[in-house]
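Undergrad: Dropping the structure in here first, questions after.
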Amino acid sequence: SRSVYQSPSTSLVKPNASVTLNCSHKIPRYDTVLWYKRSVEDTALNLIAYVYYKTPTVEPSYKGYFDVKGDGENDAFLHILKPRQAEDSGEYFCAASIHSGTET
């Protein structure tokens with residue numbers, strides 16, 4: 001099965017109350033889970049963080065606000081550390097991928 005599961009489907013949190021999103025898949029050879037955000041003001045999908053095997057990476061502009069943990073081959077977790085009302089509101093998406101092996 002090539003399905004990727006994300007939970008919870010919706011989350012309403014108070015500012016500064018941390019929240020965790022879960023992403024899981026069982027796709028053979030897929031070694032990376034990526035987390036994206038689409039905000040109300042900016043409809044682009046912006047990469048927040050990813051886990052390659054068990055190595056977490058948070059994009060520089062999101063450091064201090066988000067943390068990522070888990071295993072790119074199975075389950076990964078995105079932690080919104082201190083949700084800010086406007087900046088962190090929006091839709092969050094996870095995706096599973098095979099790492100290309102090239103650094104960009």
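Following the order of the structure tokens, first chain is A, next is B, and so on, with residues numbered from 1 inside each chain and ligands from 1 in the order they appear.
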Using only C-alpha atoms, determine which residues lie at most 7 Å from A:Val19, disregarding the query and same-chain residues fewer than 6 positions distant; provide the list as a ChimeraX atom specification.
TA: /A:79-81
Undergrad: Export N, CA and C atoms of the chosen residues as an mmCIF file, in the first residue's frame?
TA:
data_model
loop_
_atom_site.group_PDB
_atom_site.id
_atom_site.type_symbol
_atom_site.label_atom_id
_atom_site.label_comp_id
_atom_site.auth_asym_id
_atom_site.auth_seq_id
_atom_site.Cartn_x
_atom_site.Cartn_y
_atom_site.Cartn_z
ATOM 1 N N HIS A 79 6.409 18.475 16.105
ATOM 2 C CA HIS A 79 6.016 19.160 17.331
ATOM 3 C C HIS A 79 5.979 20.658 17.054
ATOM 4 N N ILE A 80 4.809 21.252 17.271
ATOM 5 C CA ILE A 80 4.699 22.707 17.220
ATOM 6 C C ILE A 80 4.920 23.155 18.657
ATOM 7 N N LEU A 81 6.082 23.751 18.906
ATOM 8 C CA LEU A 81 6.535 23.949 20.284
ATOM 9 C C LEU A 81 5.737 25.009 21.026
#
Undergrad: Fewer than 3 positions away in the same chain doesn't count, so skip those; otherwise give me all residues within 8 Å of A:Glu91, counting only C-alpha atoms, as a PDB file with C-alpha atoms, in the first residue's frame.
TA:
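Writing the result to part.pdb gives the following:
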ATOM      1  CA  LYS A  37       2.588  24.018   5.993  1.00  0.00           C
ATOM      2  CA  ARG A  38       0.134  26.104   3.997  1.00  0.00           C
ATOM      3  CA  SER A  39      -0.967  29.243   5.806  1.00  0.00           C
TER       4      SER A  39
END
Undergrad: Quick one: pull the distance between atom CA of A:Asp75 and atom CA of A:Thr57, Å, one decimal.
TA: 15.0 Å
Undergrad: Name the residues in contact with A:Ser11 at a cut-off of 12 Å, using only C-alpha atoms, excluding same-chain residues fewer than 5 positions from it; report them as a list in words.
TA: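 Contacts, with the query itself left out: Gln6, Ala17, Ser18, Val19, Thr20, Leu21, Asn22, Ile80, Pro83, Asp88, Ser89, Gly90, Glu91 and Tyr92 of chain A.
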Undergrad: What does the distance from atom CA of A:Asp42 to atom CA of A:Ala86 come to in Å, to one decimal?
TA: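 Value for the atom CA of A:Asp42-atom CA of A:Ala86 distance: 11.6 Å.
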Undergrad: Chain A: which residues are strand (DSSP E) by DSSP, as a PyMOL selection string?
TA: chain A and resi 4-7+19-25+32-38+46-52+55-58+66-70+75-80+91-97
Undergrad: Which polymer residues have any atom within 12 Å of an atom of A:Tyr52, counting only C-alpha atoms, with same-chain residues fewer than 3 positions away left out, as a ChimeraX atom specification?
TA: /A:29-35,49,55-58,68-76,95-101
Undergrad: For the selection just defined, write its residues with C-alpha atoms to a file, as a PDB file, in the first residue's frame.
TA:
ATOM      1  CA  ARG A  29      12.235   1.772   0.544  1.00  0.00           C
ATOM      2  CA  TYR A  30      10.710   5.171   1.350  1.00  0.00           C
ATOM      3  CA  ASP A  31      13.148   6.614   3.898  1.00  0.00           C
ATOM      4  CA  THR A  32      12.049  10.224   4.383  1.00  0.00           C
ATOM      5  CA  VAL A  33       9.001  11.917   5.906  1.00  0.00           C
ATOM      6  CA  LEU A  34       8.563  15.603   5.079  1.00  0.00           C
ATOM      7  CA  TRP A  35       6.294  18.141   6.780  1.00  0.00           C
ATOM      8  CA  ALA A  49      11.078  19.881   8.505  1.00  0.00           C
ATOM      9  CA  THR A  55      18.055  12.094  11.186  1.00  0.00           C
ATOM     10  CA  PRO A  56      15.800  15.113  11.836  1.00  0.00           C
ATOM     11  CA  THR A  57      16.194  18.447  10.052  1.00  0.00           C
ATOM     12  CA  VAL A  58      14.197  21.613  10.743  1.00  0.00           C
ATOM     13  CA  VAL A  68      10.705  16.840  14.325  1.00  0.00           C
ATOM     14  CA  LYS A  69      11.413  13.302  15.503  1.00  0.00           C
ATOM     15  CA  GLY A  70      10.881   9.722  14.441  1.00  0.00           C
ATOM     16  CA  ASP A  71      11.915   7.485  11.595  1.00  0.00           C
ATOM     17  CA  GLY A  72      11.499   8.316   7.910  1.00  0.00           C
ATOM     18  CA  GLU A  73      10.842   4.639   7.185  1.00  0.00           C
ATOM     19  CA  ASN A  74       7.808   4.416   9.497  1.00  0.00           C
ATOM     20  CA  ASP A  75       6.514   7.137  11.819  1.00  0.00           C
ATOM     21  CA  ALA A  76       7.479  10.778  12.209  1.00  0.00           C
ATOM     22  CA  ALA A  95       4.621  13.242   2.662  1.00  0.00           C
ATOM     23  CA  ALA A  96       6.782  10.148   2.321  1.00  0.00           C
ATOM     24  CA  SER A  97       9.641  10.078  -0.155  1.00  0.00           C
ATOM     25  CA  ILE A  98      12.786   8.290  -1.278  1.00  0.00           C
ATOM     26  CA  HIS A  99      15.837  10.477  -0.637  1.00  0.00           C
ATOM     27  CA  SER A 100      17.549  11.267  -3.938  1.00  0.00           C
ATOM     28  CA  GLY A 101      21.067  11.078  -2.533  1.00  0.00           C
TER      29      GLY A 101
END
Undergrad: Mind giving me the straight-line distance from atom CA of A:Tyr50 to atom CA of A:Ser24 in Å, one decimal?
TA: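 Between these atoms lies a distance of 12.9 Å.
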